[in-house]
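Q: So here's coords22.cif (mmCIF, C-alpha atoms).
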```cif
data_upload
loop_
_atom_site.label_atom_id
_atom_site.label_comp_id
_atom_site.auth_asym_id
_atom_site.auth_seq_id
_atom_site.Cartn_x
_atom_site.Cartn_y
_atom_site.Cartn_z
CA MET A 1075 -166.82 -17.33 134.51
CA SER A 1076 -167.17 -13.99 136.28
CA LYS A 1077 -167.80 -10.77 134.38
CA PRO A 1078 -166.13 -8.71 133.07
CA ALA A 1079 -164.31 -11.39 131.12
CA PHE A 1080 -162.57 -11.90 127.80
CA VAL A 1081 -163.00 -15.22 126.01
CA TYR A 1082 -161.12 -16.14 122.85
CA THR A 1083 -161.31 -19.35 120.83
CA THR A 1084 -158.94 -20.51 118.13
CA TYR A 1085 -158.32 -23.80 116.33
CA ILE A 1086 -154.78 -25.07 115.84
CA GLU A 1087 -153.51 -28.01 113.83
CA THR A 1088 -151.31 -29.63 116.46
CA SER A 1089 -151.55 -32.14 119.29
CA ALA A 1090 -152.72 -31.31 122.81
CA GLU A 1091 -149.28 -32.33 124.12
CA LYS A 1092 -147.43 -29.92 121.79
CA LEU A 1093 -149.85 -27.13 122.63
CA TRP A 1094 -149.40 -27.74 126.35
CA GLN A 1095 -145.64 -27.57 125.92
CA ALA A 1096 -146.00 -24.36 123.88
CA LEU A 1097 -147.90 -22.75 126.76
CA THR A 1098 -145.53 -23.86 129.51
CA ASP A 1099 -141.98 -23.96 128.09
CA GLY A 1100 -140.12 -20.65 128.45
CA ASP A 1101 -137.77 -21.27 125.50
CA PHE A 1102 -140.85 -21.70 123.34
CA THR A 1103 -143.00 -18.85 124.75
CA GLU A 1104 -140.10 -16.45 124.20
CA ARG A 1105 -140.28 -17.19 120.46
CA TYR A 1106 -143.98 -16.48 119.86
CA TRP A 1107 -145.07 -14.43 122.91
CA PHE A 1108 -143.12 -11.39 121.67
CA GLY A 1109 -140.14 -12.06 123.93
CA HIS A 1110 -142.07 -13.10 127.05
CA ARG A 1111 -140.39 -16.05 128.71
CA VAL A 1112 -142.32 -18.09 131.28
CA THR A 1113 -140.85 -20.02 134.20
CA SER A 1114 -142.60 -22.37 136.63
CA ASP A 1115 -142.59 -26.00 137.72
CA TRP A 1116 -146.35 -25.98 136.86
CA SER A 1117 -147.49 -27.79 139.99
CA VAL A 1118 -150.73 -26.50 141.51
CA GLY A 1119 -149.93 -23.70 143.95
CA ALA A 1120 -146.49 -23.05 142.44
CA ALA A 1121 -145.42 -19.57 141.37
CA TYR A 1122 -144.93 -18.70 137.73
CA ARG A 1123 -143.58 -15.59 136.04
CA PHE A 1124 -143.36 -14.08 132.57
CA SER A 1125 -140.31 -11.91 132.04
CA ASN A 1126 -139.04 -10.06 129.02
CA ARG A 1127 -135.26 -9.62 128.68
CA GLY A 1128 -135.00 -10.38 132.38
CA LYS A 1129 -137.61 -7.83 133.48
CA PRO A 1130 -140.68 -9.20 135.29
CA MET A 1131 -143.93 -8.63 133.37
CA VAL A 1132 -146.68 -10.85 134.76
CA GLU A 1133 -146.69 -13.32 137.62
CA GLY A 1134 -148.99 -15.38 139.77
CA LYS A 1135 -149.79 -18.87 141.00
CA VAL A 1136 -150.73 -22.02 139.14
CA LEU A 1137 -154.39 -22.73 139.93
CA VAL A 1138 -155.10 -25.75 137.71
CA SER A 1139 -152.55 -28.01 136.03
CA ASP A 1140 -154.14 -30.95 134.25
CA PRO A 1141 -151.87 -31.70 131.26
CA PRO A 1142 -152.70 -31.69 128.41
CA ARG A 1143 -156.27 -30.55 129.03
CA ARG A 1144 -156.52 -27.57 131.34
CA LEU A 1145 -154.17 -24.95 132.73
CA ALA A 1146 -155.14 -21.96 134.86
CA TYR A 1147 -153.13 -19.32 136.64
CA SER A 1148 -153.67 -16.02 138.39
CA TRP A 1149 -152.55 -12.97 136.41
CA ASP A 1150 -150.85 -10.13 138.23
CA VAL A 1151 -149.25 -7.47 136.03
CA VAL A 1152 -145.96 -6.52 137.71
CA LYS A 1153 -144.40 -4.63 134.82
CA GLU A 1154 -142.47 -1.51 135.84
CA GLY A 1155 -144.77 1.50 135.68
CA ALA A 1156 -148.00 -0.51 135.44
CA ALA A 1157 -150.78 0.53 137.81
CA ARG A 1158 -151.51 -2.02 140.53
CA GLU A 1159 -154.74 -3.93 140.04
CA ARG A 1160 -156.34 -6.92 141.69
CA ALA A 1161 -154.99 -10.12 140.13
CA SER A 1162 -157.20 -11.71 137.49
CA ARG A 1163 -157.37 -15.32 136.26
CA VAL A 1164 -156.51 -17.03 132.96
CA THR A 1165 -157.78 -20.49 132.02
CA PHE A 1166 -156.69 -22.48 128.96
CA ASP A 1167 -158.93 -25.35 127.81
CA LEU A 1168 -157.40 -27.67 125.18
CA LEU A 1169 -160.19 -29.57 123.43
CA PRO A 1170 -159.34 -32.14 120.70
CA ARG A 1171 -161.60 -31.77 117.61
CA GLY A 1172 -160.51 -34.35 115.05
CA LYS A 1173 -157.08 -33.40 113.72
CA VAL A 1174 -157.08 -30.02 115.43
CA ILE A 1175 -157.21 -28.62 118.94
CA LYS A 1176 -159.85 -26.11 119.94
CA LEU A 1177 -158.13 -23.75 122.35
CA VAL A 1178 -160.38 -21.63 124.55
CA VAL A 1179 -158.74 -18.91 126.64
CA THR A 1180 -160.91 -17.39 129.36
CA HIS A 1181 -159.57 -14.34 131.18
CA ASP A 1182 -161.89 -13.45 134.05
CA GLU A 1183 -162.03 -12.11 137.61
CA ILE A 1184 -160.83 -8.86 136.08
CA ASP A 1185 -160.65 -5.69 138.17
CA GLU A 1186 -163.43 -3.58 136.66
CA ASN A 1187 -161.67 -0.32 137.58
CA GLY A 1188 -158.43 -1.03 135.78
CA THR A 1189 -157.02 -1.35 132.26
CA THR A 1190 -156.61 -5.15 132.28
CA LEU A 1191 -159.77 -5.89 130.30
CA ARG A 1192 -158.78 -3.46 127.55
CA ASP A 1193 -155.16 -4.63 127.54
CA VAL A 1194 -155.84 -8.35 127.42
CA SER A 1195 -158.63 -7.96 124.85
CA ALA A 1196 -156.04 -6.45 122.51
CA GLY A 1197 -153.20 -8.74 123.59
CA TRP A 1198 -154.66 -12.26 123.49
CA PRO A 1199 -155.61 -12.27 119.77
CA MET A 1200 -151.99 -11.33 118.93
CA VAL A 1201 -150.39 -13.89 121.23
CA LEU A 1202 -152.72 -16.70 120.19
CA ALA A 1203 -152.40 -15.92 116.47
CA SER A 1204 -148.62 -16.02 116.85
CA LEU A 1205 -148.89 -19.30 118.80
CA LYS A 1206 -151.03 -20.82 116.04
CA SER A 1207 -148.57 -19.65 113.37
CA ILE A 1208 -145.50 -21.08 115.12
CA LEU A 1209 -147.16 -24.46 115.69
CA GLU A 1210 -148.47 -24.71 112.11
CA THR A 1211 -145.64 -23.08 110.13
CA GLY A 1212 -142.62 -22.95 112.45
CA HIS A 1213 -142.67 -19.15 112.34
CA ALA A 1214 -144.08 -16.76 114.91
CA LEU A 1215 -145.87 -13.62 113.74
CA ASP A 1216 -143.90 -10.46 113.14
CA ILE A 1217 -146.30 -7.80 114.43
CA ASP A 1218 -145.36 -4.15 114.53
CA PRO A 1219 -143.51 -2.78 117.57
CA ALA A 1220 -146.32 -0.39 118.60
CA ALA A 1221 -148.71 -3.30 118.81
CA ALA A 1222 -146.16 -5.37 120.67
CA LYS A 1223 -145.66 -2.50 123.12
CA ASP A 1224 -149.40 -2.47 123.93
CA LEU A 1225 -149.13 -6.16 124.43
CA ALA A 1226 -146.37 -5.77 126.99
CA CYS A 1227 -148.91 -3.98 129.20
CA ALA A 1228 -151.16 -7.02 129.09
CA MET B 165 -181.84 0.39 105.66
CA SER B 166 -179.40 2.47 107.66
CA ILE B 167 -176.32 0.72 109.04
CA GLU B 168 -175.99 3.29 111.85
CA LYS B 169 -178.76 1.48 113.75
CA PHE B 170 -176.69 -1.69 114.01
CA LYS B 171 -174.80 -2.54 117.20
CA PRO B 172 -171.89 -5.03 117.37
CA ALA B 173 -172.92 -8.34 118.97
CA THR B 174 -169.86 -10.45 118.16
CA VAL B 175 -166.34 -9.26 117.39
CA TYR B 176 -163.49 -11.60 116.42
CA THR B 177 -159.94 -10.45 115.72
CA ILE B 178 -157.20 -12.58 114.19
CA TYR B 179 -153.70 -11.80 112.94
CA ILE B 180 -152.53 -13.41 109.71
CA ALA B 181 -149.09 -13.54 108.07
CA ALA B 182 -150.28 -12.32 104.66
CA THR B 183 -150.78 -9.10 102.73
CA PRO B 184 -154.04 -7.10 102.98
CA GLU B 185 -154.65 -7.88 99.28
CA LYS B 186 -154.37 -11.63 99.88
CA VAL B 187 -156.76 -11.50 102.88
CA TRP B 188 -159.21 -9.43 100.80
CA GLU B 189 -159.04 -12.02 98.01
CA ALA B 190 -159.63 -14.84 100.48
CA LEU B 191 -162.73 -13.09 101.87
CA THR B 192 -164.25 -12.28 98.48
CA SER B 193 -163.47 -15.23 96.19
CA ALA B 194 -165.23 -18.59 95.95
CA GLU B 195 -161.98 -20.38 95.19
CA PHE B 196 -160.81 -19.56 98.72
CA SER B 197 -164.09 -19.56 100.63
CA THR B 198 -165.03 -23.11 99.65
CA LYS B 199 -161.86 -24.23 101.43
CA TYR B 200 -162.32 -22.46 104.79
CA PHE B 201 -166.04 -21.49 105.04
CA PHE B 202 -167.57 -24.95 105.62
CA GLY B 203 -167.55 -25.53 101.84
CA ASN B 204 -169.65 -22.43 101.08
CA SER B 205 -168.79 -20.36 98.02
CA VAL B 206 -168.95 -16.58 98.18
CA GLU B 207 -170.10 -14.43 95.26
CA VAL B 208 -169.89 -10.69 95.75
CA ASP B 209 -170.38 -7.82 93.36
CA LEU B 210 -167.75 -5.50 94.81
CA ARG B 211 -169.55 -2.15 94.74
CA VAL B 212 -171.93 -0.45 97.17
CA GLY B 213 -175.39 -1.89 96.47
CA GLY B 214 -173.90 -5.01 94.84
CA ALA B 215 -175.20 -8.47 95.69
CA PHE B 216 -173.57 -10.74 98.28
CA ILE B 217 -174.32 -14.47 98.08
CA MET B 218 -172.98 -17.47 99.97
CA ARG B 219 -173.90 -20.80 98.37
CA THR B 220 -173.80 -24.21 100.01
CA PRO B 221 -171.87 -26.96 98.17
CA ASP B 222 -175.15 -28.02 96.43
CA GLY B 223 -175.53 -24.51 94.98
CA ALA B 224 -178.37 -23.31 97.22
CA ARG B 225 -178.35 -19.66 98.31
CA HIS B 226 -177.66 -20.12 102.02
CA ILE B 227 -176.87 -16.48 102.77
CA THR B 228 -177.82 -13.42 100.74
CA GLY B 229 -177.21 -9.75 101.24
CA GLU B 230 -176.05 -6.47 99.85
CA VAL B 231 -172.75 -4.57 99.93
CA PHE B 232 -172.88 -1.46 102.16
CA GLU B 233 -169.19 -0.54 102.37
CA CYS B 234 -166.49 -1.62 99.93
CA GLU B 235 -162.97 -0.24 100.25
CA PRO B 236 -160.54 -2.84 98.88
CA PRO B 237 -158.36 -4.04 100.54
CA ARG B 238 -159.42 -2.46 103.85
CA LYS B 239 -163.11 -2.77 104.58
CA LEU B 240 -166.09 -4.77 103.40
CA THR B 241 -169.53 -4.49 105.02
CA VAL B 242 -172.43 -6.63 103.82
CA THR B 243 -175.82 -7.75 105.02
CA PHE B 244 -175.51 -11.43 105.75
CA ASN B 245 -178.95 -12.97 105.97
CA VAL B 246 -179.42 -16.70 106.44
CA ASN B 247 -182.28 -17.84 104.19
CA TRP B 248 -184.29 -19.85 106.67
CA PRO B 249 -188.07 -19.28 106.64
CA GLU B 250 -189.14 -16.54 109.08
CA LEU B 251 -185.55 -15.75 110.13
CA ILE B 252 -185.36 -12.21 108.81
CA GLU B 253 -188.93 -11.46 110.00
CA ARG B 254 -188.08 -12.58 113.55
CA LEU B 255 -184.47 -11.46 113.95
CA GLY B 256 -184.05 -8.64 111.46
CA PRO B 257 -181.07 -8.35 109.15
CA THR B 258 -177.52 -9.33 110.12
CA LEU B 259 -174.62 -7.06 109.21
CA VAL B 260 -171.09 -8.45 108.83
CA SER B 261 -168.07 -6.21 108.50
CA TYR B 262 -164.49 -7.23 107.76
CA GLU B 263 -161.73 -4.74 108.53
CA ILE B 264 -158.19 -5.36 107.36
CA GLU B 265 -155.31 -3.38 108.88
CA PRO B 266 -151.56 -3.85 108.43
CA ALA B 267 -149.74 -4.90 111.65
CA GLY B 268 -146.02 -5.18 111.03
CA ASP B 269 -145.44 -7.99 108.53
CA ALA B 270 -148.88 -9.35 109.34
CA VAL B 271 -152.48 -8.26 108.94
CA LYS B 272 -155.08 -7.67 111.63
CA LEU B 273 -158.47 -8.94 110.47
CA THR B 274 -161.50 -7.93 112.55
CA MET B 275 -164.91 -9.46 111.88
CA THR B 276 -167.86 -7.67 113.45
CA GLU B 277 -171.37 -9.16 113.41
CA SER B 278 -174.01 -6.53 114.17
CA HIS B 279 -177.77 -6.47 114.57
CA ASP B 280 -180.38 -3.72 114.64
CA ARG B 281 -182.03 -5.10 117.80
CA PRO B 282 -180.89 -6.96 120.92
CA LEU B 283 -180.67 -10.75 120.41
CA SER B 284 -180.25 -13.43 123.07
CA ASP B 285 -176.90 -15.13 123.73
CA ASP B 286 -178.61 -18.37 122.62
CA VAL B 287 -179.41 -16.93 119.18
CA LEU B 288 -175.93 -15.41 118.90
CA SER B 289 -174.18 -18.63 119.98
CA GLY B 290 -174.17 -20.05 116.42
CA GLY B 291 -172.07 -17.21 115.05
CA ARG B 292 -169.89 -17.17 118.13
CA GLN B 293 -169.16 -20.87 117.58
CA GLY B 294 -168.71 -20.57 113.83
CA TRP B 295 -166.59 -17.47 113.29
CA PRO B 296 -163.51 -18.63 115.28
CA ALA B 297 -163.42 -21.90 113.31
CA ILE B 298 -163.94 -20.18 109.95
CA LEU B 299 -161.35 -17.47 110.52
CA SER B 300 -158.83 -19.86 112.14
CA SER B 301 -159.12 -22.00 109.01
CA LEU B 302 -158.71 -18.93 106.78
CA LYS B 303 -155.49 -18.08 108.64
CA SER B 304 -154.17 -21.62 108.20
CA LEU B 305 -155.07 -21.60 104.50
CA LEU B 306 -153.16 -18.37 103.86
CA GLU B 307 -150.15 -19.32 105.99
CA THR B 308 -149.77 -23.01 105.17
CA GLY B 309 -151.73 -23.49 101.94
CA GLN B 310 -154.08 -25.89 103.72
CA PRO B 311 -157.34 -25.13 105.57
CA LEU B 312 -158.16 -26.81 108.88
CA VAL B 313 -160.30 -29.90 109.07
CA VAL B 314 -162.40 -29.05 112.11
CA LYS B 315 -164.79 -31.65 113.47
CA MET B 316 -167.70 -29.58 114.70
CA ALA B 317 -171.16 -30.46 115.95
CA PRO B 318 -174.16 -28.47 114.63
CA PRO B 319 -174.91 -25.34 116.70
CA GLN B 320 -177.66 -27.03 118.75
CA ARG B 321 -178.06 -24.22 121.25
CA MET B 322 -178.77 -21.69 118.48
CA LEU B 323 -180.99 -24.07 116.49
CA ALA B 324 -183.14 -24.77 119.56
CA ALA B 325 -183.46 -21.03 120.27
CA LEU B 326 -184.48 -20.32 116.66
CA ARG B 327 -187.09 -23.10 116.64
CA GLU B 328 -188.53 -21.72 119.85
CA ILE B 329 -189.27 -18.37 118.18
CA GLY B 330 -190.82 -19.97 115.08
CA ILE B 331 -187.90 -19.99 112.65
CA LYS B 332 -187.85 -23.08 110.44
CA THR B 333 -184.33 -24.47 110.67
CA PRO B 334 -183.14 -27.31 108.39
#
```
Write out the structure in this file as structure tokens.

A:
Amino acid sequence: MSKPAFVYTTYIETSAEKLWQALTDGDFTERYWFGHRVTSDWSVGAAYRFSNRGKPMVEGKVLVSDPPRRLAYSWDVVKEGAARERASRVTFDLLPRGKVIKLVVTHDEIDENGTTLRDVSAGWPMVLASLKSILETGHALDIDPAAAKDLACA
Amino acid sequence: MSIEKFKPATVYTIYIAATPEKVWEALTSAEFSTKYFFGNSVEVDLRVGGAFIMRTPDGARHITGEVFECEPPRKLTVTFNVNWPELIERLGPTLVSYEIEPAGDAVKLTMTESHDRPLSDDVLSGGRQGWPAILSSLKSLLETGQPLVVKMAPPQRMLAALREIGIKTP
């Protein structure tokens, strides 16, 4: 892990396979990731992109794809109006702990001169709380639009 | 003791589909805490200067402290001192603050653990391991009615660091 970095851990009652699918299936991400839909074939080196109502938000390359244990991709914010920054890196570790999965998200290699650290520090807790809710209850979180707007910068 | 001297060492934020009142109740009542806080029961006299106690399932006072800020259902700040011999002498007091803010139909809960002196990452690792499990389980309890059953090893890295500086751990 390179600093500055943001690390967030949560525990979700689900299987590693379902969690992997929740992270990689665009129909599913659109439901809990506040409208962000992901597309990729998830092979190492392949491109991926998050878009919201057809507009590109974040894109990059798949760096690690070891289902259902570890997924990593580069993170380049391409949203209209966002300042250009060096691409950062996101790593998801899915660790079975009895009946639950410990999910550790590490966002590192962050450009220290930009807003990414601030944006993702605010954004990941919302996205991952919504992910946990949808997997455990079937319902994503309904968070207020101002918060969701901040998130769109992430 | 002045809480202005304390600096945040660990911050954990989680969003919960519940009302602020329900989250407040879950943080301050034994009926809830025994389900999500590793079986520990909380007792808190909800006024500034009131006592804060966290008992283990056998009734022992595992954590004791005092209420410094109490604004139901928005903010609770308490000292949160683990009762292991020499711990408070070596590390000083621990301050824990819960902030509850509405966020759409959900609630943003922020837990901040602060200390009045710099502590090593090894010492802080116990809280950093524990809080995500505790608060993830609290979220599950409020949203599904059931806490999480998390299989978790003891915080060896923290326990070793505490023993090294003369704190008698169980």

Q: Give me the chain A side of the contact with chain B, cut-off 12 Å, one line per residue showing its nearest atom pair and distance in Å at one decimal, counting only C-alpha atoms, sorted by chain and residue number, as JSON lines.

A:
```
{"residue": "A:Phe1080", "atom": "CA", "partner": "B:Val175", "partner_atom": "CA", "distance": 11.4}
{"residue": "A:Val1081", "atom": "CA", "partner": "B:Tyr176", "partner_atom": "CA", "distance": 10.3}
{"residue": "A:Tyr1082", "atom": "CA", "partner": "B:Tyr176", "partner_atom": "CA", "distance": 8.2}
{"residue": "A:Thr1083", "atom": "CA", "partner": "B:Pro296", "partner_atom": "CA", "distance": 6.0}
{"residue": "A:Thr1084", "atom": "CA", "partner": "B:Pro296", "partner_atom": "CA", "distance": 5.7}
{"residue": "A:Tyr1085", "atom": "CA", "partner": "B:Ser300", "partner_atom": "CA", "distance": 5.8}
{"residue": "A:Ile1086", "atom": "CA", "partner": "B:Ser300", "partner_atom": "CA", "distance": 7.6}
{"residue": "A:Glu1087", "atom": "CA", "partner": "B:Leu312", "partner_atom": "CA", "distance": 6.9}
{"residue": "A:Thr1088", "atom": "CA", "partner": "B:Leu312", "partner_atom": "CA", "distance": 10.6}
{"residue": "A:Leu1169", "atom": "CA", "partner": "B:Lys315", "partner_atom": "CA", "distance": 11.2}
{"residue": "A:Pro1170", "atom": "CA", "partner": "B:Lys315", "partner_atom": "CA", "distance": 9.1}
{"residue": "A:Arg1171", "atom": "CA", "partner": "B:Lys315", "partner_atom": "CA", "distance": 5.2}
{"residue": "A:Gly1172", "atom": "CA", "partner": "B:Lys315", "partner_atom": "CA", "distance": 5.3}
{"residue": "A:Lys1173", "atom": "CA", "partner": "B:Val313", "partner_atom": "CA", "distance": 6.7}
{"residue": "A:Val1174", "atom": "CA", "partner": "B:Val314", "partner_atom": "CA", "distance": 6.3}
{"residue": "A:Ile1175", "atom": "CA", "partner": "B:Val314", "partner_atom": "CA", "distance": 8.6}
{"residue": "A:Lys1176", "atom": "CA", "partner": "B:Ala297", "partner_atom": "CA", "distance": 8.6}
{"residue": "A:Leu1177", "atom": "CA", "partner": "B:Pro296", "partner_atom": "CA", "distance": 10.3}
{"residue": "A:Val1178", "atom": "CA", "partner": "B:Pro296", "partner_atom": "CA", "distance": 10.2}
{"residue": "A:Ser1195", "atom": "CA", "partner": "B:Thr177", "partner_atom": "CA", "distance": 9.6}
{"residue": "A:Ala1196", "atom": "CA", "partner": "B:Thr177", "partner_atom": "CA", "distance": 8.8}
{"residue": "A:Gly1197", "atom": "CA", "partner": "B:Thr177", "partner_atom": "CA", "distance": 10.5}
{"residue": "A:Trp1198", "atom": "CA", "partner": "B:Thr177", "partner_atom": "CA", "distance": 9.6}
{"residue": "A:Pro1199", "atom": "CA", "partner": "B:Ile178", "partner_atom": "CA", "distance": 5.8}
{"residue": "A:Met1200", "atom": "CA", "partner": "B:Tyr179", "partner_atom": "CA", "distance": 6.2}
{"residue": "A:Val1201", "atom": "CA", "partner": "B:Tyr179", "partner_atom": "CA", "distance": 9.2}
{"residue": "A:Leu1202", "atom": "CA", "partner": "B:Ile178", "partner_atom": "CA", "distance": 8.5}
{"residue": "A:Ala1203", "atom": "CA", "partner": "B:Tyr179", "partner_atom": "CA", "distance": 5.6}
{"residue": "A:Ser1204", "atom": "CA", "partner": "B:Tyr179", "partner_atom": "CA", "distance": 7.7}
{"residue": "A:Leu1205", "atom": "CA", "partner": "B:Tyr179", "partner_atom": "CA", "distance": 10.7}
{"residue": "A:Lys1206", "atom": "CA", "partner": "B:Ser304", "partner_atom": "CA", "distance": 8.5}
{"residue": "A:Ser1207", "atom": "CA", "partner": "B:Glu307", "partner_atom": "CA", "distance": 7.6}
{"residue": "A:Ile1208", "atom": "CA", "partner": "B:Glu307", "partner_atom": "CA", "distance": 10.4}
{"residue": "A:Leu1209", "atom": "CA", "partner": "B:Ser304", "partner_atom": "CA", "distance": 10.6}
{"residue": "A:Glu1210", "atom": "CA", "partner": "B:Thr308", "partner_atom": "CA", "distance": 7.3}
{"residue": "A:Thr1211", "atom": "CA", "partner": "B:Thr308", "partner_atom": "CA", "distance": 6.5}
{"residue": "A:Gly1212", "atom": "CA", "partner": "B:Thr308", "partner_atom": "CA", "distance": 10.2}
{"residue": "A:His1213", "atom": "CA", "partner": "B:Ala181", "partner_atom": "CA", "distance": 9.5}
{"residue": "A:Ala1214", "atom": "CA", "partner": "B:Ala181", "partner_atom": "CA", "distance": 9.1}
{"residue": "A:Leu1215", "atom": "CA", "partner": "B:Ala181", "partner_atom": "CA", "distance": 6.5}
{"residue": "A:Asp1216", "atom": "CA", "partner": "B:Asp269", "partner_atom": "CA", "distance": 5.5}
{"residue": "A:Ile1217", "atom": "CA", "partner": "B:Gly268", "partner_atom": "CA", "distance": 4.3}
{"residue": "A:Asp1218", "atom": "CA", "partner": "B:Gly268", "partner_atom": "CA", "distance": 3.7}
{"residue": "A:Pro1219", "atom": "CA", "partner": "B:Gly268", "partner_atom": "CA", "distance": 7.4}
{"residue": "A:Ala1220", "atom": "CA", "partner": "B:Gly268", "partner_atom": "CA", "distance": 9.0}
{"residue": "A:Ala1221", "atom": "CA", "partner": "B:Ala267", "partner_atom": "CA", "distance": 7.4}
{"residue": "A:Ala1222", "atom": "CA", "partner": "B:Gly268", "partner_atom": "CA", "distance": 9.6}
```

Q: List as a list in words the protein and nucleic acid residues near Ser261 of chain B, meaning an atom at most 6 Å away when only C-alpha atoms are counted, but skip any in the same chain fewer than 2 places from it.

A: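 Once the nearby chain positions are removed, what remains is Leu240, Thr241, Met275 and Thr276 of chain B.
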
Q: Tell me, in Å to one decimal, how far atom CA of Phe244 of chain B is from atom CA of Val231 of chain B.

A: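 Interatomic distance, atom CA of Phe244 of chain B to atom CA of Val231 of chain B: 9.4 Å.
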
Q: Kindly give the distance, in Å, that separates atom CA of Ser1125 of chain A and atom CA of Pro1141 of chain A, rounded to a single decimal.

A: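 Atom-to-atom, atom CA of Ser1125 of chain A and atom CA of Pro1141 of chain A are spaced 22.9 Å apart.
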
Q: From the list B:Ala173, B:Ala215, B:Met165, B:Ala325, which residue is nearest Glu277 of chain B when using only C-alpha atoms?

A: B:Ala173

Q: What's the 12 Å shell around Phe216 of chain B, counting only C-alpha atoms, without same-chain residues fewer than 6 positions away, as a PyMOL selection string?

A: chain B and resi 191-194+205-210+225-234+240-246+259-260

Q: Would you mind reading off the distance between atom CA of Ile264 of chain B and atom CA of Ser278 of chain B, one decimal, in Å?

A: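 Straight-line distance from atom CA of Ile264 of chain B to atom CA of Ser278 of chain B works out to 17.3 Å.
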
Q: Residues proximal to (-156.0, -19.3, 134.1) were defined as those with any atom within 7 Å of that point in the file's coordinates, counting all atoms listed in the file. Which are they, as a PDB file with C-alpha atoms, in the coordinates of the input?

A:
```
ATOM      1  CA  LEU A1137    -154.390 -22.730 139.930  1.00  0.00           C
ATOM      2  CA  LEU A1145    -154.170 -24.950 132.730  1.00  0.00           C
ATOM      3  CA  ALA A1146    -155.140 -21.960 134.860  1.00  0.00           C
ATOM      4  CA  TYR A1147    -153.130 -19.320 136.640  1.00  0.00           C
ATOM      5  CA  SER A1148    -153.670 -16.020 138.390  1.00  0.00           C
ATOM      6  CA  ARG A1163    -157.370 -15.320 136.260  1.00  0.00           C
ATOM      7  CA  VAL A1164    -156.510 -17.030 132.960  1.00  0.00           C
ATOM      8  CA  THR A1165    -157.780 -20.490 132.020  1.00  0.00           C
ATOM      9  CA  PHE A1166    -156.690 -22.480 128.960  1.00  0.00           C
ATOM     10  CA  HIS A1181    -159.570 -14.340 131.180  1.00  0.00           C
TER      11      HIS A1181
END
```

Q: Considering all atoms listed in the file, state which residue in the set A:Arg1111, A:Arg1144, A:Arg1123, A:Lys1129 is at the smallest distance from Val1179 of chain A.

A: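 Ranked by minimum distance to Val1179 of chain A, first place goes to A:Arg1144.
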
Q: Given the file shown, determine the residues that the PyMOL selection byres ((chain A and resi 1119) around 7) selects; report them as a list of chain:residue names.

A: A:Ser1117, A:Val1118, A:Ala1120, A:Ala1121, A:Lys1135, A:Val1136, A:Leu1137

Q: Let's have the selection written as a tab-separated table (two decimals), keeping the file's coordinate frame, with C-alpha atoms.

A:
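In the end it all went to again_9.tsv:
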```tsv
chain	number	residue	atom	x	y	z
A	1117	SER	CA	-147.49	-27.79	139.99
A	1118	VAL	CA	-150.73	-26.50	141.51
A	1120	ALA	CA	-146.49	-23.05	142.44
A	1121	ALA	CA	-145.42	-19.57	141.37
A	1135	LYS	CA	-149.79	-18.87	141.00
A	1136	VAL	CA	-150.73	-22.02	139.14
A	1137	LEU	CA	-154.39	-22.73	139.93
```

Q: When the PyMOL selection byres ((chain A and resi 1161) around 7) is applied to the structure above, which residues does it catch, written out as a PyMOL selection string?

A: chain A and resi 1148-1150+1159-1160+1162-1163

Q: Here is a test: counting all atoms listed in the file, which residue of B:Ile167, B:Leu273, B:Ile329, B:Met322 is nearest to Gly291 of chain B?

A: B:Met322

Q: Give the answer as one residue: which of B:Asn247, B:Thr258, B:Ser166, B:Asn204 has the shortest atom-to-atom distance to Ile331 of chain B, using all atoms listed in the file?

A: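 The answer is B:Asn247, which sits nearest to Ile331 of chain B.
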
Q: With all atoms listed in the file as the counted atoms, please give the residues lying no more than 9 Å from Thr1098 of chain A, apart from itself and same-chain residues fewer than 4 positions off, as an mmCIF file with C-alpha atoms, in the coordinates of the input.

A:
```
data_model
loop_
_atom_site.group_PDB
_atom_site.id
_atom_site.type_symbol
_atom_site.label_atom_id
_atom_site.label_comp_id
_atom_site.auth_asym_id
_atom_site.auth_seq_id
_atom_site.Cartn_x
_atom_site.Cartn_y
_atom_site.Cartn_z
ATOM 1 C CA LEU A 1093 -149.850 -27.130 122.630
ATOM 2 C CA TRP A 1094 -149.400 -27.740 126.350
ATOM 3 C CA PHE A 1102 -140.850 -21.700 123.340
ATOM 4 C CA THR A 1103 -143.000 -18.850 124.750
ATOM 5 C CA VAL A 1112 -142.320 -18.090 131.280
ATOM 6 C CA THR A 1113 -140.850 -20.020 134.200
ATOM 7 C CA SER A 1114 -142.600 -22.370 136.630
ATOM 8 C CA ASP A 1115 -142.590 -26.000 137.720
ATOM 9 C CA TRP A 1116 -146.350 -25.980 136.860
#
```

Q: Quick one: residues within 12 Å of Val1151 of chain A, all atoms listed in the file counted, chain neighbours fewer than 4 positions away excluded, as a VMD selection string?

A: chain A and resid 1123 to 1125 1129 to 1134 1155 to 1163 1184 to 1185 1188 to 1190 1193 to 1194 1225 to 1228

Q: Taking all atoms listed in the file into account, which of B:Ile217, B:Val212, B:Leu326, B:Leu302 comes nearest Leu255 of chain B?

A: B:Leu326

Q: Which neighbours of Glu250 of chain B fall inside 8 Å, counting only C-alpha atoms, when residues of the same chain fewer than 3 positions from it are skipped, and could you give them as a PyMOL selection string?

A: chain B and resi 253-254+330-332
